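Raw coords-v3.txt, compact mmCIF, C-alpha atoms and all ligand atoms:
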# COMPACT_ATOMS: atom_id res chain seq x y z
CA MET A 370 -16.28 -15.90 -14.24
CA ALA A 371 -12.58 -15.95 -15.26
CA HIS A 372 -11.59 -15.53 -18.93
CA PRO A 373 -8.35 -17.50 -19.33
CA HIS A 374 -8.18 -17.27 -23.13
CA TRP A 375 -8.13 -13.50 -23.39
CA MET A 376 -5.65 -12.05 -25.90
CA PRO A 377 -4.66 -8.38 -26.32
CA LYS A 378 -6.30 -6.69 -29.32
CA GLY A 379 -6.17 -3.31 -31.04
CA SER A 380 -8.83 -2.05 -28.64
CA THR A 381 -7.08 -3.25 -25.46
CA ARG A 382 -6.62 -0.60 -22.80
CA VAL A 383 -3.32 -0.42 -20.97
CA ALA A 384 -2.32 0.32 -17.40
CA ALA A 385 1.16 -0.05 -15.95
CA VAL A 386 3.34 0.27 -12.89
CA ILE A 387 6.36 2.56 -13.13
CA GLY A 388 9.26 2.17 -10.71
CA HIS A 389 12.88 1.17 -10.35
CA PRO A 390 13.66 -1.63 -9.77
CA ILE A 391 10.36 -3.15 -10.87
CA ARG A 392 10.81 -6.75 -11.95
CA HIS A 393 9.73 -8.19 -8.57
CA SER A 394 6.55 -6.10 -8.41
CA LEU A 395 3.41 -8.05 -7.50
CA SER A 396 1.18 -5.41 -9.13
CA PRO A 397 1.00 -7.03 -12.62
CA VAL A 398 -0.17 -10.30 -11.05
CA ILE A 399 -2.78 -8.55 -8.89
CA LEU A 400 -4.17 -6.19 -11.54
CA ASN A 401 -4.18 -8.65 -14.47
CA SER A 402 -6.03 -11.16 -12.28
CA ALA A 403 -8.64 -8.46 -11.66
CA PHE A 404 -9.03 -7.64 -15.37
CA ARG A 405 -9.33 -11.35 -16.26
CA ALA A 406 -11.76 -12.07 -13.42
CA LEU A 407 -14.17 -9.43 -14.76
CA GLY A 408 -13.48 -10.15 -18.45
CA LEU A 409 -12.29 -6.58 -19.10
CA ASP A 410 -10.24 -5.84 -22.24
CA TRP A 411 -7.38 -4.33 -20.24
CA VAL A 412 -3.77 -5.36 -19.68
CA TYR A 413 -1.29 -4.28 -17.00
CA VAL A 414 2.47 -4.21 -17.53
CA ALA A 415 5.56 -3.08 -15.62
CA PHE A 416 7.88 -0.35 -16.90
CA ASP A 417 11.33 0.04 -15.37
CA VAL A 418 11.66 3.83 -15.29
CA ALA A 419 15.07 5.12 -14.19
CA PRO A 420 15.28 7.63 -11.31
CA GLY A 421 14.59 11.15 -12.61
CA GLU A 422 12.68 9.89 -15.69
CA ALA A 423 9.13 10.04 -14.32
CA GLN A 424 8.27 13.13 -16.39
CA GLY A 425 8.99 11.19 -19.59
CA ALA A 426 6.77 8.34 -18.41
CA LEU A 427 3.93 10.82 -17.78
CA SER A 428 4.34 12.35 -21.25
CA ALA A 429 4.21 8.83 -22.69
CA MET A 430 0.95 8.26 -20.85
CA LYS A 431 -0.58 11.10 -22.84
CA SER A 432 1.00 10.29 -26.19
CA LEU A 433 0.42 6.51 -26.00
CA GLY A 434 -3.02 6.78 -24.43
CA ILE A 435 -2.11 4.69 -21.38
CA ASP A 436 -5.12 4.79 -19.03
CA GLY A 437 -3.50 4.32 -15.64
CA TYR A 438 -0.22 4.15 -13.80
CA SER A 439 0.65 2.71 -10.44
CA VAL A 440 3.68 4.59 -9.15
CA THR A 441 6.28 3.14 -6.84
CA MET A 442 9.80 3.92 -5.61
CA PRO A 443 11.55 6.23 -6.46
CA HIS A 444 8.97 8.26 -8.39
CA LYS A 445 6.12 9.04 -5.97
CA THR A 446 7.17 12.62 -5.18
CA ASP A 447 8.37 13.47 -8.72
CA VAL A 448 5.00 12.35 -10.08
CA ALA A 449 3.13 14.38 -7.44
CA ARG A 450 4.94 17.47 -8.71
CA ALA A 451 4.35 16.76 -12.40
CA VAL A 452 0.69 15.75 -12.78
CA ASP A 453 -2.02 18.27 -13.69
CA HIS A 454 -4.16 17.75 -10.62
CA LEU A 455 -3.76 16.11 -7.19
CA THR A 456 -6.44 14.62 -4.93
CA PRO A 457 -6.42 16.08 -1.39
CA GLU A 458 -4.76 12.86 -0.08
CA ALA A 459 -1.94 12.98 -2.64
CA SER A 460 -1.49 16.70 -2.11
CA ALA A 461 -1.18 16.35 1.69
CA LEU A 462 1.37 13.55 1.29
CA ASP A 463 3.26 15.12 -1.65
CA ALA A 464 3.27 11.57 -3.02
CA VAL A 465 1.32 9.80 -5.76
CA ASN A 466 0.91 6.03 -6.08
CA CYS A 467 -1.78 6.04 -8.79
CA VAL A 468 -2.31 8.21 -11.87
CA SER A 469 -5.51 8.34 -13.88
CA ARG A 470 -6.09 10.16 -17.16
CA PHE A 471 -9.02 12.40 -17.98
CA GLY A 472 -8.51 13.27 -21.63
CA ARG A 473 -5.08 14.92 -21.61
CA LEU A 474 -5.26 15.76 -17.91
CA LEU A 475 -3.33 13.54 -15.51
CA ILE A 476 -4.74 13.14 -11.99
CA GLY A 477 -2.49 12.01 -9.11
CA HIS A 478 -4.04 9.93 -6.31
CA ASN A 479 -2.69 8.25 -3.19
CA THR A 480 -4.56 5.03 -2.38
CA ASP A 481 -2.20 3.57 0.27
CA GLY A 482 -3.90 4.99 3.37
CA GLU A 483 -7.41 4.11 2.21
CA GLY A 484 -6.09 0.70 1.15
CA PHE A 485 -4.91 0.08 4.70
CA LEU A 486 -8.26 1.21 6.18
CA ARG A 487 -10.19 -1.07 3.81
CA SER A 488 -8.00 -4.06 4.66
CA LEU A 489 -8.58 -3.43 8.38
CA LYS A 490 -12.32 -3.16 7.85
CA GLU A 491 -12.38 -6.32 5.75
CA ALA A 492 -10.52 -8.33 8.42
CA TYR A 493 -12.15 -6.76 11.52
CA PRO A 494 -15.50 -5.24 10.50
CA GLU A 495 -16.55 -5.00 14.15
CA PHE A 496 -13.53 -2.89 15.14
CA GLY A 497 -14.54 0.75 15.49
CA LEU A 498 -11.79 3.17 14.49
CA ARG A 499 -13.77 6.11 15.80
CA GLY A 500 -12.33 6.94 19.22
CA ALA A 501 -9.52 4.38 18.90
CA ARG A 502 -5.98 4.99 20.06
CA CYS A 503 -3.59 4.10 17.22
CA ALA A 504 0.19 3.74 17.31
CA VAL A 505 2.07 3.81 14.01
CA VAL A 506 5.67 2.61 14.09
CA GLY A 507 7.60 4.29 11.27
CA ALA A 508 7.33 7.64 9.52
CA GLY A 509 8.24 6.87 5.90
CA GLY A 510 6.02 6.98 2.83
CA ALA A 511 3.67 4.14 3.78
CA ALA A 512 3.43 5.26 7.41
CA ARG A 513 2.59 8.82 6.32
CA ALA A 514 -0.26 7.60 4.12
CA ILE A 515 -1.71 5.53 6.99
CA ILE A 516 -1.27 8.35 9.51
CA ALA A 517 -3.12 10.81 7.25
CA ALA A 518 -5.93 8.29 6.60
CA LEU A 519 -6.35 7.61 10.35
CA GLY A 520 -6.54 11.36 10.94
CA ARG A 521 -9.56 11.53 8.60
CA VAL A 522 -11.69 8.95 10.45
CA GLU A 523 -12.10 10.45 13.93
CA VAL A 524 -9.70 8.24 15.84
CA ALA A 525 -8.85 9.53 19.33
CA GLU A 526 -5.08 9.59 18.80
CA VAL A 527 -2.46 8.77 16.20
CA ILE A 528 0.86 8.27 17.97
CA VAL A 529 3.91 8.11 15.72
CA VAL A 530 6.86 6.09 17.01
CA ASN A 531 9.96 6.43 14.84
CA ARG A 532 13.71 6.22 15.38
CA THR A 533 14.26 9.63 13.71
CA ALA A 534 12.42 12.21 15.81
CA ASP A 535 11.98 15.02 13.30
CA ARG A 536 10.48 12.66 10.70
CA ALA A 537 8.08 11.41 13.39
CA ALA A 538 6.97 14.96 14.17
CA ARG A 539 6.38 15.82 10.50
CA ALA A 540 4.43 12.60 9.97
CA ALA A 541 2.31 13.12 13.10
CA GLY A 542 1.26 16.51 11.71
CA LEU A 543 -0.51 14.71 8.85
CA ALA A 544 -3.11 13.39 11.31
CA GLY A 545 -4.05 16.94 12.33
CA ALA A 546 -5.14 17.61 15.92
CA VAL A 547 -5.14 13.91 16.90
CA GLY A 548 -1.52 13.33 15.83
CA ARG A 549 1.45 13.33 18.19
CA THR A 550 4.82 11.68 18.54
CA GLY A 551 5.46 9.01 21.14
CA ASP A 552 7.67 6.08 22.01
CA GLU A 553 7.37 2.36 22.72
CA SER A 554 5.71 3.07 26.07
CA ASP A 555 2.62 4.15 24.08
CA ILE A 556 2.21 0.70 22.54
CA PRO A 557 0.53 -1.20 25.44
CA GLY A 558 -2.26 1.40 25.74
CA SER A 559 -3.08 1.48 22.01
CA ASP A 560 -6.06 -0.31 20.48
CA LEU A 561 -4.36 -0.59 17.09
CA VAL A 562 -0.59 -0.91 16.58
CA ILE A 563 0.82 -0.79 13.04
CA ASN A 564 4.32 -1.64 11.93
CA ALA A 565 5.06 0.56 8.92
CA THR A 566 8.83 0.00 8.88
CA PRO A 567 10.62 -2.68 6.81
CA VAL A 568 11.73 -4.42 10.03
CA GLY A 569 10.88 -8.12 9.71
CA MET A 570 11.05 -8.14 5.91
CA ALA A 571 12.83 -11.21 4.59
CA ALA A 572 13.99 -9.68 1.29
CA GLY A 573 13.84 -6.41 -0.63
CA ASP A 574 14.62 -2.76 0.02
CA GLY A 575 15.53 -2.18 3.69
CA ALA A 576 15.00 -5.86 4.60
CA THR A 577 16.32 -6.70 8.07
CA GLY A 578 15.72 -10.45 7.96
CA ALA A 579 12.58 -12.29 8.97
CA ASP A 580 13.54 -12.79 12.64
CA GLU A 581 13.57 -9.09 13.51
CA VAL A 582 10.70 -7.32 15.29
CA PRO A 583 10.15 -3.53 15.27
CA PHE A 584 9.47 -3.30 19.03
CA ASP A 585 9.60 -5.42 22.17
CA LEU A 586 6.87 -8.07 21.88
CA ARG A 587 6.29 -7.91 25.64
CA LEU A 588 4.51 -4.58 25.00
CA VAL A 589 1.68 -6.37 23.16
CA ARG A 590 -1.57 -6.87 25.09
CA PRO A 591 -4.48 -9.28 24.49
CA GLY A 592 -7.36 -7.56 22.70
CA GLN A 593 -5.17 -5.23 20.65
CA ILE A 594 -5.03 -5.37 16.87
CA VAL A 595 -1.44 -5.59 15.67
CA ALA A 596 -1.00 -4.92 11.95
CA ASP A 597 2.15 -5.33 9.88
CA ILE A 598 2.36 -3.79 6.42
CA VAL A 599 5.31 -6.04 5.57
CA TYR A 600 3.98 -8.93 3.46
CA GLN A 601 7.16 -10.91 2.80
CA PRO A 602 6.84 -13.09 4.82
CA LEU A 603 3.09 -12.92 5.24
CA GLU A 604 3.36 -13.99 8.86
CA THR A 605 6.14 -11.80 10.21
CA ALA A 606 7.88 -12.46 13.53
CA LEU A 607 5.87 -9.50 14.89
CA LEU A 608 2.52 -11.03 13.91
CA ARG A 609 3.51 -14.49 15.17
CA GLY A 610 4.60 -13.09 18.53
CA ALA A 611 1.59 -10.77 18.83
CA ALA A 612 -0.84 -13.64 18.15
CA GLU A 613 0.93 -15.74 20.80
CA ARG A 614 0.34 -12.91 23.26
CA GLY A 615 -3.40 -12.83 22.52
CA ALA A 616 -3.59 -9.94 20.05
CA SER A 617 -5.60 -10.01 16.83
CA VAL A 618 -3.33 -9.67 13.80
CA LEU A 619 -3.48 -8.24 10.27
CA ASP A 620 -0.92 -9.00 7.57
CA GLY A 621 0.34 -6.59 4.90
CA LEU A 622 -1.16 -8.31 1.88
CA GLY A 623 -4.59 -6.79 2.53
CA MET A 624 -3.21 -3.25 2.18
CA LEU A 625 -1.34 -4.18 -1.00
CA VAL A 626 -4.46 -5.71 -2.55
CA HIS A 627 -6.81 -2.93 -1.46
CA GLN A 628 -4.62 -0.05 -2.64
CA ALA A 629 -4.56 -1.82 -6.03
CA ALA A 630 -8.32 -2.41 -5.84
CA ILE A 631 -8.92 1.32 -5.38
CA ALA A 632 -6.68 2.07 -8.40
CA PHE A 633 -8.64 -0.50 -10.42
CA GLU A 634 -11.91 1.21 -9.45
CA ILE A 635 -10.54 4.67 -10.36
CA TRP A 636 -9.42 3.46 -13.81
CA THR A 637 -12.28 1.17 -14.78
CA GLY A 638 -15.26 2.44 -12.76
CA GLU A 639 -15.98 -1.21 -11.80
CA ALA A 640 -16.00 -2.73 -8.30
CA ALA A 641 -12.71 -4.62 -7.89
CA PRO A 642 -12.78 -8.42 -7.54
CA VAL A 643 -10.76 -8.29 -4.31
CA GLY A 644 -10.96 -12.05 -3.63
CA ALA A 645 -9.47 -12.95 -7.02
CA MET A 646 -6.75 -10.32 -6.57
CA ARG A 647 -5.76 -11.62 -3.14
CA GLU A 648 -5.76 -15.23 -4.35
CA ALA A 649 -3.48 -14.37 -7.29
CA ALA A 650 -1.08 -12.50 -5.02
CA LEU A 651 -0.98 -15.38 -2.53
CA GLU A 652 -0.33 -17.92 -5.28
CA HIS A 653 2.49 -15.80 -6.65
CA LEU A 654 4.03 -15.23 -3.21
CA SER A 655 4.02 -18.93 -2.38
CA ALA A 656 5.59 -19.76 -5.76
CA ARG A 657 8.22 -17.08 -5.05
CA CYS A 658 8.96 -18.62 -1.62
CA ALA A 659 9.44 -22.01 -3.27
CA ASP A 660 11.68 -20.55 -6.02
CA PRO A 661 12.77 -17.02 -5.01
P1 LIG B 701 10.45 4.34 3.79
O1 LIG B 701 9.77 5.52 3.21
O2 LIG B 701 11.88 4.08 3.46
O3 LIG B 701 10.31 4.46 5.40
C1 LIG B 701 10.83 3.48 6.24
C2 LIG B 701 10.49 3.82 7.69
O4 LIG B 701 10.93 2.73 8.51
C3 LIG B 701 11.20 5.06 8.23
O5 LIG B 701 10.37 5.67 9.18
C4 LIG B 701 12.44 4.49 8.88
O6 LIG B 701 12.90 5.24 9.99
C5 LIG B 701 11.93 3.19 9.43
N1 LIG B 701 12.96 2.16 9.48
C6 LIG B 701 13.64 1.63 8.43
N2 LIG B 701 14.51 0.69 8.85
C7 LIG B 701 14.38 0.66 10.21
C8 LIG B 701 15.03 -0.09 11.23
N3 LIG B 701 15.97 -1.00 10.92
N4 LIG B 701 14.66 0.12 12.51
C9 LIG B 701 13.70 1.04 12.82
N5 LIG B 701 13.06 1.80 11.90
C10 LIG B 701 13.40 1.59 10.61
O7 LIG B 701 9.67 3.00 3.43
P2 LIG B 701 8.13 2.80 3.05
O8 LIG B 701 7.95 3.01 1.60
O9 LIG B 701 7.31 3.59 4.00
O10 LIG B 701 7.94 1.23 3.31
C11 LIG B 701 8.04 0.68 4.61
C12 LIG B 701 7.67 -0.80 4.54
O11 LIG B 701 6.32 -0.94 4.17
C13 LIG B 701 8.46 -1.61 3.51
O12 LIG B 701 8.72 -2.88 4.06
C14 LIG B 701 7.50 -1.75 2.35
O13 LIG B 701 7.72 -2.94 1.60
C15 LIG B 701 6.18 -1.84 3.09
N6 LIG B 701 5.03 -1.37 2.31
C16 LIG B 701 3.93 -2.18 2.26
C17 LIG B 701 2.82 -1.76 1.57
C18 LIG B 701 1.61 -2.65 1.50
O14 LIG B 701 0.74 -2.38 0.67
N7 LIG B 701 1.50 -3.68 2.33
C19 LIG B 701 2.80 -0.51 0.92
C20 LIG B 701 3.94 0.30 1.01
C21 LIG B 701 5.06 -0.14 1.72
P3 LIG B 701 13.74 6.61 9.82
O15 LIG B 701 12.73 7.68 9.54
O16 LIG B 701 14.41 6.74 11.14
O17 LIG B 701 14.69 6.37 8.67
What do you get writing this file as structure tokens?
Amino acid sequence: MAHPHWMPKGSTRVAAVIGHPIRHSLSPVILNSAFRALGLDWVYVAFDVAPGEAQGALSAMKSLGIDGYSVTMPHKTDVARAVDHLTPEASALDAVNCVSRFGRLLIGHNTDGEGFLRSLKEAYPEFGLRGARCAVVGAGGAARAIIAALGRVEVAEVIVVNRTADRAARAAGLAGAVGRTGDESDIPGSDLVINATPVGMAAGDGATGADEVPFDLRLVRPGQIVADIVYQPLETALLRGAAERGASVLDGLGMLVHQAAIAFEIWTGEAAPVGAMREAALEHLSARCADP
């Protein structure tokens, strides 16, 4: 049951996202909807933290008693190097997107890869990742998290396709023995194809415009799952074209919601109300489209 009349009190616990720029972040909408849906006395705010200032934000977490941070650009690596302890995922990626506090100890997590896997499982529970051939287009922060997560779940192959070859090779290494680099010719034979570049994004950092696709749509085959982690627009040109060619598609909102849901669970110990979180994000995105 939702609790619309909640007000912050002296006892209210605080979580926040730190990043720069931050004012367009969807995280406050998603996390506050989760706190309200479960009637928890928590609030989530956004702090614009200038590049190079992450250490100060972490010290503030201890001195102000802030219970959780989401971490976004440009602080993910700085935070990974400044927290007291890293989970194996965050350590492998040298990037943190979620900080929890255990007394005065700060723990750095990375929930992006697991967030992607959960969104895939939610949308296609019958799809077996074990033994699947997966192509990841891109080798940046989000791609690396997905590549590492795929490497942990016994897929047959993780093929990294990226315009900069040495970044592709480093990212492929995160999947362990099943990782390798490839090119567009690997796409038709893959069971799961993931766009983890900003190509197709309508607005924001690295946006190319909504008409762009990250690879030739003629490479898509019926029966494949084609996922896009871009969520603005929700239906990218890639997903529209892939669906027209008979593929199953997965939009990027699921990953965004699930990586936040995992952070929520780490901080509160409660199961996240994923439906309410997704609904709040969708409502906010459609209002943003109407009045950007
Ligand atoms: P990033 O670290 O900057 O990496 C971007 C990657 O895309 C790099 O591999 C880059 O290739 C490639 N790329 C960029 N522009 C390209 C172009 N025009 N053509 C071909 N390749 C291009 O970015 P990121 O943080 O990983 O984010 C990537 C996208 O994922 C963004 O759109 C972001 O909004 C989205 N994202 C979504 C979620 C979610 O929860 N749904 C989470 C995180 C990020 P090079 O290596 O050659 O530079």
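We find CA of Ala429 in chain A and CA of His653 in chain A to be spaced 29.4 Å apart.
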**Q.** Closest of A:Val412, A:Val529, A:Ile563, A:Met570 to Leu489 in chain A - atom-to-atom distances counting all atoms listed in the file
**A.** A:Ile563
Neighbours of ligand LIG 701 (chain B) within 7 Å, counting all atoms listed in the file, as a short mmCIF file (atom, residue, chain, number, x, y, z; two decimals) with C-alpha atoms, in the coordinates of the input?
data_model
loop_
_atom_site.label_atom_id
_atom_site.label_comp_id
_atom_site.auth_asym_id
_atom_site.auth_seq_id
_atom_site.Cartn_x
_atom_site.Cartn_y
_atom_site.Cartn_z
CA ASP A 481 -2.20 3.57 0.27
CA GLY A 507 7.60 4.29 11.27
CA ALA A 508 7.33 7.64 9.52
CA GLY A 509 8.24 6.87 5.90
CA GLY A 510 6.02 6.98 2.83
CA ALA A 511 3.67 4.14 3.78
CA ALA A 512 3.43 5.26 7.41
CA ASN A 531 9.96 6.43 14.84
CA ARG A 532 13.71 6.22 15.38
CA THR A 533 14.26 9.63 13.71
CA ARG A 536 10.48 12.66 10.70
CA ALA A 565 5.06 0.56 8.92
CA THR A 566 8.83 0.00 8.88
CA PRO A 567 10.62 -2.68 6.81
CA VAL A 568 11.73 -4.42 10.03
CA MET A 570 11.05 -8.14 5.91
CA GLY A 575 15.53 -2.18 3.69
CA ALA A 576 15.00 -5.86 4.60
CA THR A 577 16.32 -6.70 8.07
CA PRO A 583 10.15 -3.53 15.27
CA ILE A 598 2.36 -3.79 6.42
CA VAL A 599 5.31 -6.04 5.57
CA TYR A 600 3.98 -8.93 3.46
CA GLY A 621 0.34 -6.59 4.90
CA LEU A 622 -1.16 -8.31 1.88
CA GLY A 623 -4.59 -6.79 2.53
CA MET A 624 -3.21 -3.25 2.18
CA LEU A 625 -1.34 -4.18 -1.00
CA VAL A 626 -4.46 -5.71 -2.55
CA GLN A 628 -4.62 -0.05 -2.64
#
Q: Just the residues within 12 Å of Tyr493 in chain A, please, counting only C-alpha atoms, with nothing from its chain fewer than 6 positions along; format it as a list in words.
A: Leu486, Arg487, Leu561, Gln593, Ile594, Val595, Ala596, Ser617, Val618, Leu619 and Gly623 of chain A
Could you take the residues named above and write them with C-alpha atoms, as a CSV table (one decimal), in the coordinates of the input?
chain,number,residue,atom,x,y,z
A,486,LEU,CA,-8.3,1.2,6.2
A,487,ARG,CA,-10.2,-1.1,3.8
A,561,LEU,CA,-4.4,-0.6,17.1
A,593,GLN,CA,-5.2,-5.2,20.6
A,594,ILE,CA,-5.0,-5.4,16.9
A,595,VAL,CA,-1.4,-5.6,15.7
A,596,ALA,CA,-1.0,-4.9,12.0
A,617,SER,CA,-5.6,-10.0,16.8
A,618,VAL,CA,-3.3,-9.7,13.8
A,619,LEU,CA,-3.5,-8.2,10.3
A,623,GLY,CA,-4.6,-6.8,2.5
Would you compute, for all listed atoms of range 551-569 of chain A, the axis-aligned bounding box grown by 3 Å on each side, and then report its centre and edge lengths in Å rounded to one decimal, as lines of an AutoDock Vina configuration file?
center_x = 2.8
center_y = 0.4
center_z = 16.4
size_x = 23.8
size_y = 23.1
size_z = 25.3
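Reported to one decimal place, the separation of CA of Ala649 in chain A from CA of Ala403 in chain A is 9.0 Å.
Comparing A:Gly379, A:Asn401, A:Asp417, A:Thr637 by their smallest distance to Arg470 in chain A, the closest is A:Thr637 (using all atoms listed in the file).
Excluding Lys431 in chain A and any residue on its chain fewer than 2 positions from it, the residues at most 10 Å away by all atoms listed in the file are Ala426, Leu427, Ser428, Ala429, Leu433, Gly434, Ile435, Asp436, Arg470, Phe471, Gly472, Arg473, Leu474 and Leu475 of chain A.
Among the candidate residues A:Ala415, A:Cys467, A:Ala645, A:Ile399, the one lying nearest to Ala385 in chain A is A:Ala415, with distances computed using only C-alpha atoms.
Distance-wise, CA of Ala419 in chain A and CA of Ala514 in chain A end up 24.0 Å apart.
Each of A:Val465, A:Ala611, A:Trp375, A:Asp597 was compared to Ser402 in chain A using only C-alpha atoms, and A:Trp375 turns out to be the nearest.
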Q | Nearest-residue call for Thr381 in chain A, choices A:Ile556, A:Leu409, A:Leu395, A:Ile631, using all atoms listed in the file | A | A:Leu409
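The closest residue to Leu462 in chain A, picked from A:Leu607, A:Ala449, A:Ala650, A:Cys503 and counting only C-alpha atoms, is A:Ala449.
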Q.
Neighbouring residues of range 516-521 of chain A were defined as those with any atom within 12 Å, considering all atoms listed in the file; residues of the same chain fewer than 4 positions away were excluded. Please report them as a PyMOL selection string.
A. chain A and resi 457-463+479-487+489+497-512+525-530+537-550+561-565
Grab range 416-428 of chain A from that structure and dump N, CA and C atoms to a file, as a JSON list (two decimals), in the first residue's frame.
[["chain", "number", "residue", "atom", "x", "y", "z"],
["A", 416, "PHE", "N", 22.74, 14.65, -5.06],
["A", 416, "PHE", "CA", 23.79, 15.63, -4.76],
["A", 416, "PHE", "C", 24.67, 15.80, -6.00],
["A", 417, "ASP", "N", 24.79, 17.05, -6.44],
["A", 417, "ASP", "CA", 25.69, 17.34, -7.56],
["A", 417, "ASP", "C", 27.10, 17.47, -6.98],
["A", 418, "VAL", "N", 27.91, 16.46, -7.23],
["A", 418, "VAL", "CA", 29.27, 16.42, -6.67],
["A", 418, "VAL", "C", 30.25, 16.64, -7.83],
["A", 419, "ALA", "N", 31.04, 17.71, -7.73],
["A", 419, "ALA", "CA", 31.94, 18.08, -8.83],
["A", 419, "ALA", "C", 32.99, 17.00, -9.06],
["A", 420, "PRO", "N", 33.49, 16.88, -10.31],
["A", 420, "PRO", "CA", 34.55, 15.90, -10.58],
["A", 420, "PRO", "C", 35.70, 16.08, -9.60],
["A", 421, "GLY", "N", 36.23, 14.98, -9.07],
["A", 421, "GLY", "CA", 37.35, 15.03, -8.14],
["A", 421, "GLY", "C", 36.93, 15.19, -6.68],
["A", 422, "GLU", "N", 35.63, 15.37, -6.42],
["A", 422, "GLU", "CA", 35.16, 15.63, -5.05],
["A", 422, "GLU", "C", 34.50, 14.42, -4.39],
["A", 423, "ALA", "N", 34.66, 13.24, -4.99],
["A", 423, "ALA", "CA", 33.96, 12.07, -4.45],
["A", 423, "ALA", "C", 34.41, 11.74, -3.03],
["A", 424, "GLN", "N", 35.71, 11.94, -2.76],
["A", 424, "GLN", "CA", 36.23, 11.63, -1.42],
["A", 424, "GLN", "C", 35.49, 12.43, -0.35],
["A", 425, "GLY", "N", 35.23, 13.69, -0.62],
["A", 425, "GLY", "CA", 34.49, 14.53, 0.32],
["A", 425, "GLY", "C", 33.08, 14.00, 0.54],
["A", 426, "ALA", "N", 32.46, 13.54, -0.55],
["A", 426, "ALA", "CA", 31.10, 13.00, -0.43],
["A", 426, "ALA", "C", 31.10, 11.73, 0.42],
["A", 427, "LEU", "N", 32.16, 10.93, 0.32],
["A", 427, "LEU", "CA", 32.24, 9.70, 1.13],
["A", 427, "LEU", "C", 32.46, 10.05, 2.61],
["A", 428, "SER", "N", 33.30, 11.05, 2.87],
["A", 428, "SER", "CA", 33.50, 11.49, 4.26],
["A", 428, "SER", "C", 32.18, 11.99, 4.84]]
